[in-house]
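S.K.: run.txt is the file, holding compact mmCIF, C-alpha atoms:
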```
# COMPACT_ATOMS: atom_id res chain seq x y z
CA MET A 270 0.54 -25.19 -22.03
CA LYS A 271 0.64 -22.45 -19.45
CA VAL A 272 -0.94 -23.79 -16.28
CA LEU A 273 -1.77 -22.04 -13.03
CA VAL A 274 -1.49 -24.32 -9.99
CA THR A 275 -3.02 -22.80 -6.87
CA GLY A 276 -1.71 -24.18 -3.60
CA ALA A 277 1.58 -24.95 -5.33
CA ALA A 278 3.53 -24.93 -2.06
CA GLY A 279 1.16 -27.50 -0.60
CA PHE A 280 1.53 -31.26 -0.59
CA ILE A 281 -0.44 -32.18 -3.72
CA GLY A 282 0.21 -28.85 -5.43
CA TYR A 283 3.97 -29.29 -5.18
CA HIS A 284 3.87 -32.75 -6.74
CA THR A 285 1.46 -31.58 -9.45
CA ALA A 286 3.68 -28.64 -10.41
CA GLN A 287 6.67 -30.99 -10.59
CA ALA A 288 4.81 -33.35 -12.93
CA LEU A 289 3.66 -30.54 -15.24
CA LEU A 290 7.17 -29.08 -15.41
CA ALA A 291 8.65 -32.51 -16.12
CA ARG A 292 6.49 -32.91 -19.23
CA GLY A 293 7.29 -29.42 -20.56
CA ASP A 294 4.46 -27.16 -19.41
CA GLU A 295 4.96 -23.63 -18.14
CA VAL A 296 3.73 -23.42 -14.56
CA VAL A 297 2.75 -20.48 -12.40
CA GLY A 298 2.42 -21.49 -8.76
CA LEU A 299 0.18 -19.53 -6.38
CA ASP A 300 0.27 -19.89 -2.59
CA ASN A 301 -0.18 -17.71 0.49
CA LEU A 302 2.16 -19.82 2.67
CA ASN A 303 -0.28 -19.63 5.58
CA PRO A 304 0.75 -21.00 9.00
CA TYR A 305 -1.84 -23.82 9.21
CA TYR A 306 1.29 -25.97 9.35
CA ASP A 307 5.00 -25.12 9.26
CA PRO A 308 5.59 -22.63 6.40
CA ALA A 309 9.23 -23.75 6.30
CA LEU A 310 8.12 -27.04 4.72
CA LYS A 311 6.17 -25.08 2.11
CA ARG A 312 9.15 -22.87 1.35
CA THR A 313 11.39 -25.92 0.93
CA ARG A 314 8.93 -27.39 -1.56
CA LEU A 315 9.02 -24.13 -3.52
CA GLU A 316 12.82 -24.16 -3.54
CA ARG A 317 12.70 -27.59 -5.15
CA LEU A 318 10.38 -26.24 -7.86
CA ALA A 319 13.02 -23.78 -9.08
CA HIS A 320 12.96 -24.07 -12.88
CA PRO A 321 13.10 -21.72 -15.89
CA ARG A 322 9.46 -22.57 -16.64
CA PHE A 323 8.22 -22.04 -13.08
CA ARG A 324 7.18 -18.74 -11.50
CA PHE A 325 5.87 -18.27 -7.99
CA GLU A 326 3.17 -15.79 -7.04
CA GLY A 327 2.54 -15.10 -3.36
CA ALA A 328 -1.15 -14.32 -2.87
CA ASP A 329 -4.29 -15.60 -1.17
CA VAL A 330 -7.12 -16.95 -3.34
CA ALA A 331 -9.52 -15.10 -1.02
CA ASP A 332 -7.95 -11.79 -2.12
CA ARG A 333 -10.22 -10.87 -5.01
CA ALA A 334 -8.10 -7.99 -6.34
CA ALA A 335 -4.91 -10.09 -6.31
CA ILE A 336 -6.57 -12.96 -8.16
CA GLU A 337 -8.10 -10.65 -10.76
CA ALA A 338 -4.71 -9.03 -11.38
CA LEU A 339 -2.90 -12.37 -11.59
CA PHE A 340 -5.33 -13.77 -14.18
CA ALA A 341 -5.38 -10.52 -16.18
CA ARG A 342 -1.65 -10.74 -16.81
CA GLY A 343 -1.42 -14.53 -16.69
CA GLY A 344 -2.70 -15.86 -20.01
CA PHE A 345 -3.40 -19.27 -18.49
CA ASP A 346 -4.58 -22.11 -20.71
CA ARG A 347 -5.62 -24.35 -17.83
CA VAL A 348 -6.05 -23.90 -14.07
CA VAL A 349 -5.49 -26.57 -11.42
CA HIS A 350 -7.12 -25.25 -8.27
CA LEU A 351 -5.74 -27.06 -5.21
CA ALA A 352 -5.52 -24.16 -2.74
CA ALA A 353 -7.93 -24.75 0.14
CA GLN A 354 -8.19 -24.98 3.88
CA ALA A 355 -7.90 -28.71 4.42
CA GLY A 356 -8.73 -30.99 7.33
CA VAL A 357 -11.98 -32.36 8.73
CA ARG A 358 -11.10 -31.86 12.40
CA TYR A 359 -9.78 -28.30 12.06
CA SER A 360 -13.06 -27.26 10.44
CA ILE A 361 -14.76 -27.82 13.80
CA GLU A 362 -12.34 -25.45 15.53
CA ASN A 363 -11.99 -22.73 12.89
CA PRO A 364 -14.96 -22.72 10.50
CA HIS A 365 -14.36 -19.21 9.16
CA ALA A 366 -11.05 -20.28 7.60
CA TYR A 367 -13.01 -22.71 5.40
CA VAL A 368 -15.50 -20.07 4.29
CA ASP A 369 -12.71 -17.64 3.39
CA SER A 370 -10.47 -20.07 1.51
CA ASN A 371 -12.86 -22.70 0.16
CA LEU A 372 -15.87 -20.55 -0.71
CA VAL A 373 -14.66 -17.00 -1.24
CA GLY A 374 -11.43 -18.26 -2.78
CA PHE A 375 -13.28 -20.59 -5.12
CA ILE A 376 -15.68 -17.94 -6.43
CA ASN A 377 -12.69 -15.68 -7.09
CA VAL A 378 -11.05 -18.41 -9.16
CA LEU A 379 -14.29 -19.18 -11.03
CA GLU A 380 -14.83 -15.52 -11.90
CA ALA A 381 -11.24 -15.10 -13.04
CA CYS A 382 -11.46 -18.22 -15.21
CA ARG A 383 -14.66 -16.87 -16.76
CA THR A 384 -13.40 -13.38 -17.51
CA GLN A 385 -10.05 -14.58 -18.87
CA ARG A 386 -11.58 -17.44 -20.89
CA VAL A 387 -9.56 -20.25 -19.33
CA GLN A 388 -9.96 -23.44 -21.38
CA HIS A 389 -10.45 -25.81 -18.45
CA LEU A 390 -10.66 -25.63 -14.66
CA VAL A 391 -9.62 -28.72 -12.71
CA TYR A 392 -10.22 -28.46 -8.97
CA ALA A 393 -9.82 -30.55 -5.85
CA SER A 394 -12.87 -32.00 -4.16
CA THR A 395 -12.77 -34.77 -1.58
CA SER A 396 -14.13 -38.19 -0.70
CA SER A 397 -15.51 -36.51 2.43
CA VAL A 398 -18.45 -35.24 0.34
CA TYR A 399 -19.92 -38.77 0.48
CA GLY A 400 -20.66 -38.02 4.15
CA ALA A 401 -23.42 -40.21 5.53
CA ASN A 402 -23.31 -42.65 2.62
CA THR A 403 -22.64 -46.22 3.76
CA ARG A 404 -22.87 -48.10 0.46
CA MET A 405 -19.38 -49.07 -0.66
CA PRO A 406 -17.54 -48.38 -2.84
CA PHE A 407 -18.41 -44.70 -3.19
CA ALA A 408 -19.46 -43.91 -6.77
CA GLU A 409 -19.98 -40.56 -8.46
CA ALA A 410 -23.61 -41.46 -9.21
CA GLN A 411 -24.41 -41.51 -5.48
CA GLY A 412 -26.02 -38.53 -3.82
CA THR A 413 -23.83 -36.31 -1.66
CA ALA A 414 -26.41 -34.17 0.10
CA HIS A 415 -25.47 -35.18 3.65
CA PRO A 416 -21.91 -34.01 4.48
CA LEU A 417 -20.72 -34.68 8.03
CA SER A 418 -18.24 -31.81 8.34
CA LEU A 419 -18.03 -28.19 7.29
CA TYR A 420 -14.94 -29.05 5.25
CA ALA A 421 -16.97 -31.56 3.23
CA ALA A 422 -19.82 -29.07 2.88
CA THR A 423 -17.50 -26.43 1.39
CA LYS A 424 -16.14 -28.94 -1.11
CA LYS A 425 -19.65 -30.00 -2.09
CA ALA A 426 -20.44 -26.31 -2.53
CA ASN A 427 -17.44 -26.02 -4.86
CA GLU A 428 -18.88 -28.76 -7.06
CA LEU A 429 -22.24 -26.95 -7.22
CA MET A 430 -20.61 -23.58 -7.90
CA ALA A 431 -18.54 -25.07 -10.72
CA HIS A 432 -21.67 -26.57 -12.25
CA SER A 433 -23.43 -23.21 -12.23
CA TYR A 434 -20.51 -21.61 -14.10
CA ALA A 435 -20.49 -24.46 -16.61
CA ALA A 436 -24.23 -23.95 -17.14
CA ILE A 437 -24.32 -20.15 -17.30
CA HIS A 438 -20.94 -19.33 -18.81
CA GLY A 439 -19.88 -22.56 -20.51
CA LEU A 440 -16.76 -22.85 -18.32
CA PRO A 441 -15.55 -26.47 -18.58
CA SER A 442 -14.72 -27.85 -15.15
CA THR A 443 -13.62 -31.16 -13.70
CA GLY A 444 -13.82 -31.88 -9.97
CA LEU A 445 -11.62 -34.60 -8.49
CA ARG A 446 -12.66 -36.32 -5.29
CA PHE A 447 -9.39 -37.34 -3.65
CA PHE A 448 -9.26 -40.30 -1.28
CA THR A 449 -6.83 -40.10 1.71
CA VAL A 450 -3.61 -38.95 0.05
CA TYR A 451 -0.21 -39.81 1.51
CA GLY A 452 3.43 -39.79 0.44
CA PRO A 453 6.71 -37.83 0.61
CA TRP A 454 6.43 -34.11 1.39
CA GLY A 455 3.06 -34.78 3.01
CA ARG A 456 1.19 -32.53 5.41
CA PRO A 457 2.38 -32.66 9.04
CA ASP A 458 -1.23 -32.78 10.30
CA MET A 459 -1.98 -36.06 8.52
CA ALA A 460 -1.92 -39.46 10.20
CA LEU A 461 1.16 -40.95 8.55
CA PHE A 462 3.28 -37.91 9.36
CA LEU A 463 2.02 -37.73 12.95
CA PHE A 464 2.45 -41.47 13.50
CA THR A 465 6.02 -41.43 12.16
CA LYS A 466 7.01 -38.41 14.24
CA ASN A 467 5.61 -39.86 17.47
CA ILE A 468 6.96 -43.38 16.98
CA LEU A 469 10.47 -42.03 16.39
CA ALA A 470 10.14 -39.80 19.46
CA GLY A 471 8.93 -42.68 21.64
CA ARG A 472 5.52 -41.09 22.16
CA PRO A 473 2.15 -42.86 21.83
CA ILE A 474 0.10 -42.46 18.65
CA THR A 475 -3.59 -41.56 18.77
CA VAL A 476 -5.73 -44.20 17.04
CA PHE A 477 -9.29 -43.01 16.52
CA ASN A 478 -12.34 -45.26 16.23
CA HIS A 479 -10.31 -47.81 18.24
CA GLY A 480 -8.42 -48.70 15.07
CA ARG A 481 -11.48 -49.90 13.17
CA HIS A 482 -11.10 -47.34 10.37
CA ARG A 483 -10.79 -48.50 6.78
CA ARG A 484 -9.36 -45.99 4.35
CA ASP A 485 -8.72 -45.91 0.61
CA PHE A 486 -5.13 -44.69 1.13
CA THR A 487 -3.89 -43.27 -2.20
CA TYR A 488 -0.24 -42.55 -2.96
CA VAL A 489 0.43 -38.99 -4.11
CA ASP A 490 2.01 -39.99 -7.45
CA ASP A 491 -1.20 -41.81 -8.36
CA ILE A 492 -3.24 -38.74 -7.40
CA VAL A 493 -1.05 -36.55 -9.60
CA ARG A 494 -1.47 -38.87 -12.57
CA GLY A 495 -5.22 -38.41 -12.20
CA ILE A 496 -4.86 -34.63 -12.02
CA VAL A 497 -2.67 -34.41 -15.12
CA ALA A 498 -4.98 -36.72 -17.05
CA ALA A 499 -7.92 -34.48 -16.13
CA VAL A 500 -6.04 -31.34 -17.18
CA ASP A 501 -5.58 -32.81 -20.65
CA ARG A 502 -9.20 -33.88 -21.18
CA ILE A 503 -11.43 -30.82 -21.22
CA ALA A 504 -14.81 -31.54 -19.66
CA THR A 505 -17.67 -31.87 -22.13
CA ALA A 506 -21.43 -32.17 -21.89
CA ASP A 507 -22.78 -35.69 -21.43
CA PRO A 508 -25.18 -36.40 -24.32
CA ALA A 509 -26.76 -39.25 -22.33
CA TRP A 510 -27.55 -37.10 -19.29
CA ASP A 511 -31.21 -37.47 -18.31
CA SER A 512 -32.95 -34.85 -16.15
CA ASP A 513 -35.53 -37.46 -15.12
CA ALA A 514 -32.75 -39.58 -13.63
CA PRO A 515 -29.93 -37.06 -13.09
CA ASP A 516 -26.39 -38.35 -12.67
CA PRO A 517 -24.52 -36.10 -10.17
CA GLY A 518 -21.16 -36.89 -11.78
CA THR A 519 -21.98 -35.53 -15.26
CA SER A 520 -24.34 -33.01 -16.81
CA ARG A 521 -25.74 -31.64 -20.04
CA VAL A 522 -23.16 -28.83 -19.59
CA PRO A 523 -19.32 -29.20 -19.68
CA TYR A 524 -18.93 -30.60 -16.17
CA ARG A 525 -17.44 -33.81 -14.75
CA ILE A 526 -16.74 -35.30 -11.33
CA TYR A 527 -14.29 -38.17 -10.80
CA ASN A 528 -13.10 -40.22 -7.86
CA VAL A 529 -9.31 -40.44 -7.60
CA GLY A 530 -8.43 -43.26 -5.24
CA ASN A 531 -6.67 -46.58 -4.86
CA ARG A 532 -9.68 -48.93 -4.84
CA GLN A 533 -8.00 -50.95 -2.06
CA PRO A 534 -9.40 -49.95 1.36
CA ILE A 535 -6.92 -50.80 4.10
CA GLU A 536 -7.59 -51.22 7.80
CA LEU A 537 -5.89 -48.52 9.84
CA MET A 538 -4.17 -51.15 11.99
CA ARG A 539 -2.59 -52.68 8.87
CA TYR A 540 -1.42 -49.21 7.80
CA ILE A 541 0.22 -48.77 11.20
CA GLU A 542 1.73 -52.24 10.99
CA VAL A 543 3.38 -51.42 7.66
CA LEU A 544 4.75 -48.20 9.14
CA GLU A 545 6.16 -50.09 12.13
CA GLU A 546 7.89 -52.52 9.77
CA CYS A 547 9.44 -49.65 7.80
CA LEU A 548 10.64 -47.88 10.95
CA GLY A 549 11.77 -51.04 12.72
CA ARG A 550 9.87 -49.92 15.83
CA LYS A 551 6.57 -50.75 17.48
CA ALA A 552 4.08 -47.99 18.25
CA GLU A 553 2.52 -47.38 21.61
CA LYS A 554 -1.16 -46.83 20.82
CA GLU A 555 -3.79 -44.73 22.56
CA TYR A 556 -7.25 -45.77 21.37
CA LEU A 557 -10.03 -43.18 21.16
CA PRO A 558 -13.61 -43.07 19.77
CA LEU A 559 -14.50 -41.90 16.27
CA GLN A 560 -13.96 -38.16 15.95
CA ARG A 561 -16.84 -35.82 15.18
CA GLY A 562 -17.23 -35.26 11.44
CA ASP A 563 -15.21 -38.37 10.56
CA VAL A 564 -16.44 -41.49 8.75
CA PRO A 565 -15.47 -45.08 9.58
CA GLU A 566 -14.76 -46.25 6.04
CA THR A 567 -13.99 -45.00 2.54
CA ALA A 568 -13.63 -46.94 -0.70
CA SER A 569 -13.47 -45.61 -4.25
CA ASP A 570 -15.26 -46.80 -7.35
CA LEU A 571 -12.84 -45.88 -10.15
CA SER A 572 -14.75 -47.22 -13.13
CA ARG A 573 -15.48 -43.75 -14.57
CA ILE A 574 -11.99 -42.30 -14.33
CA GLU A 575 -10.55 -45.53 -15.71
CA ARG A 576 -12.92 -45.37 -18.69
CA ASP A 577 -12.63 -41.66 -19.44
CA LEU A 578 -9.06 -40.78 -18.37
CA ASP A 579 -7.32 -44.18 -18.49
CA PHE A 580 -6.40 -43.76 -14.83
CA HIS A 581 -5.07 -46.81 -12.95
CA PRO A 582 -3.51 -46.50 -9.47
CA SER A 583 -0.38 -48.61 -9.12
CA THR A 584 1.17 -48.05 -5.68
CA PRO A 585 0.46 -50.50 -2.82
CA ILE A 586 0.77 -49.15 0.71
CA GLU A 587 3.86 -51.27 1.36
CA VAL A 588 5.68 -49.32 -1.36
CA GLY A 589 4.12 -45.92 -0.65
CA VAL A 590 4.72 -45.98 3.11
CA ARG A 591 8.34 -47.06 2.56
CA ARG A 592 8.88 -44.10 0.23
CA PHE A 593 7.39 -41.75 2.80
CA VAL A 594 9.57 -43.11 5.59
CA ASP A 595 12.70 -42.86 3.43
CA TRP A 596 11.86 -39.22 2.67
CA TYR A 597 11.05 -38.41 6.31
CA LEU A 598 14.29 -39.87 7.64
CA GLU A 599 16.34 -38.02 5.05
CA HIS A 600 14.50 -34.70 5.35
CA TYR A 601 14.46 -34.58 9.14
CA ARG A 602 17.83 -36.33 9.56
```
Would you kindly transcribe this structure into structure tokens?

M.R.:
Amino acid sequence: MKVLVTGAAGFIGYHTAQALLARGDEVVGLDNLNPYYDPALKRTRLERLAHPRFRFEGADVADRAAIEALFARGGFDRVVHLAAQAGVRYSIENPHAYVDSNLVGFINVLEACRTQRVQHLVYASTSSVYGANTRMPFAEAQGTAHPLSLYAATKKANELMAHSYAAIHGLPSTGLRFFTVYGPWGRPDMALFLFTKNILAGRPITVFNHGRHRRDFTYVDDIVRGIVAAVDRIATADPAWDSDAPDPGTSRVPYRIYNVGNRQPIELMRYIEVLEECLGRKAEKEYLPLQRGDVPETASDLSRIERDLDFHPSTPIEVGVRRFVDWYLEHYR
């Protein structure tokens, strides 16, 4: 297949493009290389994607004319839309970046998929959409009407926008709610990267919620397996969908939502402990309250994605954190 991967220079996009190339697909990678974090890391990822079946396109998904032109000449069979402004905390400081990338960018991709008759759109959502929910584990059948951050609200809006295009235009779409992704080539603004950098530099690490967080940490290779499985299974209407008892994760139109997680919530202090073991150093910890927009716990119910896409996460944090540390030490010498 010919697959467009937006955000291909990003953490998950890079790994996804690698996996699609490895199995023989033709991949076009789109990214604007914005400076939210060090563009040098993004450029290095792109260098590693060099392949006869890979082509890079530098453009912003919020640039309507550029997206229309790319799709018009692209001939894409499937689209994996991962480009977005990420981060719960940054959305408090710079909300307009989320509107531009996550809302304007998403409608541009939807319209281009519609006009060019793309077979299937797979896009990134987030576990953050569960917001004020406290019943664990989070399941797709739960309501998600109470997001706690603008980032989560934009991702919930993406799910609703995709449903409208499935209903009006018959565009098959699958949204994937990722749970705390980590691994080699990760984002420098994420906890594991920040913790590693500070511990090696002898600086204290910031531990929010006084270390009482529990997170469904999910290794990037497992996330990518879920993405590729979704790409291959075009979303269909659910014949059992009942408007009197509507299921938010399916529909009577070609639309699906799946959790992609690890199903093994881990206490943040255990996560840090594993990192300390891998680095051979203890961390100096600065404890702070829960940050605005954050949630104290996440846990994924994976029964649907296991049933429909045969997805089974297989990487414990002891293995995943070790792989990250090995990469970090090699990459940053």

S.K.: For Glu362 in chain A, please output as a PyMOL selection string all residues within 12 Å (counting all atoms listed in the file; exclusion window: fewer than 4 positions along the same chain).

M.R.: chain A and resi 356-358+366-367+418-420+561-562

S.K.: Could you give me, as a PyMOL selection string, the residues within 7 Å of Gln388 in chain A, counting all atoms listed in the file and dropping anything in the same chain fewer than 5 positions from it?

M.R.: chain A and resi 346-347+441

S.K.: Let me see the file: selected residues, C-alpha atoms, as an mmCIF file, in the coordinates of the input.

M.R.:
```cif
data_model
loop_
_atom_site.group_PDB
_atom_site.id
_atom_site.type_symbol
_atom_site.label_atom_id
_atom_site.label_comp_id
_atom_site.auth_asym_id
_atom_site.auth_seq_id
_atom_site.Cartn_x
_atom_site.Cartn_y
_atom_site.Cartn_z
ATOM 1 C CA ASP A 346 -4.580 -22.110 -20.710
ATOM 2 C CA ARG A 347 -5.620 -24.350 -17.830
ATOM 3 C CA PRO A 441 -15.550 -26.470 -18.580
#
```

S.K.: Just need the box for range 486-493 of chain A, edges along x, y and z, holding every atom the file lists for it with 5 Å tacked onto each side, so centre and edge lengths in Å to one decimal, as AutoDock Vina command-line options.

M.R.:
```
--center_x -1.6 --center_y -40.6 --center_z -4.2 --size_x 17.1 --size_y 18.1 --size_z 20.7
```

S.K.: I want to know what sits within 8 Å of Gly480 in chain A, based on all atoms listed in the file, with residues of the same chain fewer than 6 positions away left out; could you give that as a PyMOL selection string?

M.R.: chain A and resi 536-538+556

S.K.: Rank A:Gly455, A:Arg602, A:His479, A:Leu390 by their smallest atom-to-atom distance to Thr505 in chain A, using all atoms listed in the file, and report the top residue only.

M.R.: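 Smallest distance to Thr505 in chain A is found for A:Leu390.
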
S.K.: Can you list every residue of range 360-452 of chain A that has an atom at most 10 Å from range 333-343 of chain A, with its nearest atom pair and the distance in Å to one decimal, using only C-alpha atoms, ordered by chain then number, as JSON lines?

M.R.:
```
{"residue": "A:Val373", "atom": "CA", "partner": "A:Arg333", "partner_atom": "CA", "distance": 8.5}
{"residue": "A:Gly374", "atom": "CA", "partner": "A:Arg333", "partner_atom": "CA", "distance": 7.8}
{"residue": "A:Ile376", "atom": "CA", "partner": "A:Arg333", "partner_atom": "CA", "distance": 9.0}
{"residue": "A:Asn377", "atom": "CA", "partner": "A:Arg333", "partner_atom": "CA", "distance": 5.8}
{"residue": "A:Val378", "atom": "CA", "partner": "A:Ile336", "partner_atom": "CA", "distance": 7.1}
{"residue": "A:Glu380", "atom": "CA", "partner": "A:Glu337", "partner_atom": "CA", "distance": 8.4}
{"residue": "A:Ala381", "atom": "CA", "partner": "A:Glu337", "partner_atom": "CA", "distance": 5.9}
{"residue": "A:Cys382", "atom": "CA", "partner": "A:Phe340", "partner_atom": "CA", "distance": 7.6}
{"residue": "A:Thr384", "atom": "CA", "partner": "A:Ala341", "partner_atom": "CA", "distance": 8.6}
{"residue": "A:Gln385", "atom": "CA", "partner": "A:Phe340", "partner_atom": "CA", "distance": 6.7}
{"residue": "A:Arg386", "atom": "CA", "partner": "A:Phe340", "partner_atom": "CA", "distance": 9.9}
{"residue": "A:Val387", "atom": "CA", "partner": "A:Phe340", "partner_atom": "CA", "distance": 9.3}
```
